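Shown next, in structure tokens, is the structure this report addresses.
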Amino acid sequence: MGKIFILYFHCAKQGHKVDAIKANPKVSFSVVVKDEVIPEEFTTYFRSVQGFGKARIVEDADERLKAFRVICEKFSMPVMHRFDEIVTKEGPGALIVAIDIEHITGKE
């Protein structure tokens, strides 16, 4: 089974998460896109996605820069004119992790 999407995130260069990825790259994640508690029915109406794949530390300089740009465009679009300055200053202190997603399922 090949990858169908790539999910990027950044984190500190050391710690439990990085140690776990290095020990076993198989990962899963969950994203809740709707969550509505209905007290009268003792239930929750929700919509979620679960993904499964393999995590890897991004070593390639071009992929690393591309991932930083994608992350920054998502969360910092109003200040993207400062991207080169910030990635030069702050980028070396961050680790980029890619999850090569192999399977996605959902629940509602």
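For the structure tokens, the naming scheme is as follows: chains receive sequential letters (A, B, ...) according to their order of presentation, residues are indexed from 1 within each chain, and ligands are indexed from 1 in presentation order.
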
Taking 3 positions as the minimum chain separation for residues in the same chain, which residues sit within 8 Å of A:Ser28 when counting only C-alpha atoms? Answer as a PyMOL selection string.
chain A and resi 50-53

So that I can check the surroundings of A:Asp35, please list as a ChimeraX atom specification every protein, DNA and RNA residue that reaches within 8 Å of it, counting only C-alpha atoms and ignoring chain neighbours fewer than 6 positions away.
/A:44-47

As a list in words, please: the residues near A:Ala12 (cut-off 10 Å, only C-alpha atoms, same-chain neighbours under 2 positions excluded).
His10, Gln14, Gly15, His16, Lys17, Val18, Gly93, Ala94, Leu95 and Ile96 of chain A

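Every protein, DNA or RNA residue with an atom at most 10 Å from A:Arg64, where only C-alpha atoms count and chain neighbours fewer than 2 positions away do not, is listed here: Tyr8, His10, Ile57, Val58, Glu59, Asp60, Ala61, Asp62, Lys66, Ala67, Phe68, Arg69, Val70, Gly91, Leu95, Ile96, Val97 and Ala98 of chain A.
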
Between atom CA of A:Lys34 and atom CA of A:Ile4, measure the distance and give it in Å to one decimal.
23.4 Å

Residues of stretch 22-50 of chain A that have any atom at most 10 Å from an atom of stretch 101-106 of chain A: could you tabulate them with the shortest-distance atom pair and the distance in Å to one decimal, using only C-alpha atoms, ordered by chain and increasing number, as a Markdown table?
```
| residue | atom | partner | partner_atom | distance |
| --- | --- | --- | --- | --- |
| A:Val27 | CA | A:Ile101 | CA | 9.0 |
| A:Ser28 | CA | A:Ile101 | CA | 8.8 |
| A:Phe29 | CA | A:Ile104 | CA | 9.7 |
| A:Ser30 | CA | A:Gly106 | CA | 9.2 |
| A:Val31 | CA | A:Gly106 | CA | 9.4 |
| A:Val32 | CA | A:Gly106 | CA | 9.7 |
| A:Arg47 | CA | A:Gly106 | CA | 7.4 |
| A:Ser48 | CA | A:Gly106 | CA | 5.6 |
| A:Val49 | CA | A:Gly106 | CA | 4.3 |
| A:Gln50 | CA | A:Thr105 | CA | 5.3 |
```

As a PyMOL selection string, which residues of stretch 1-98 of chain A does DSSP assign to helix (DSSP H, G or I)?
chain A and resi 16-23+39-41+61-75+77-93

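The nearest approach to A:Lys22 among the residues A:Val79, A:Ile38, A:Ile6, A:Ala55, with only C-alpha atoms taken into account, belongs to A:Ala55.
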
Which residues come within 6 Å of A:Lys54, counting only C-alpha atoms, excluding same-chain residues fewer than 3 positions away, as number ranges by chain?
A: 25-27, 99-100

Apply DSSP to the backbone of this structure and, from chain A, keep only the residues in strand (DSSP E); write these as a ChimeraX atom specification.
/A:5-11,26-38,43-57,95-107

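Coordinates place atom CA of A:Arg56 at a distance of 7.1 Å from atom CA of A:Ile21.
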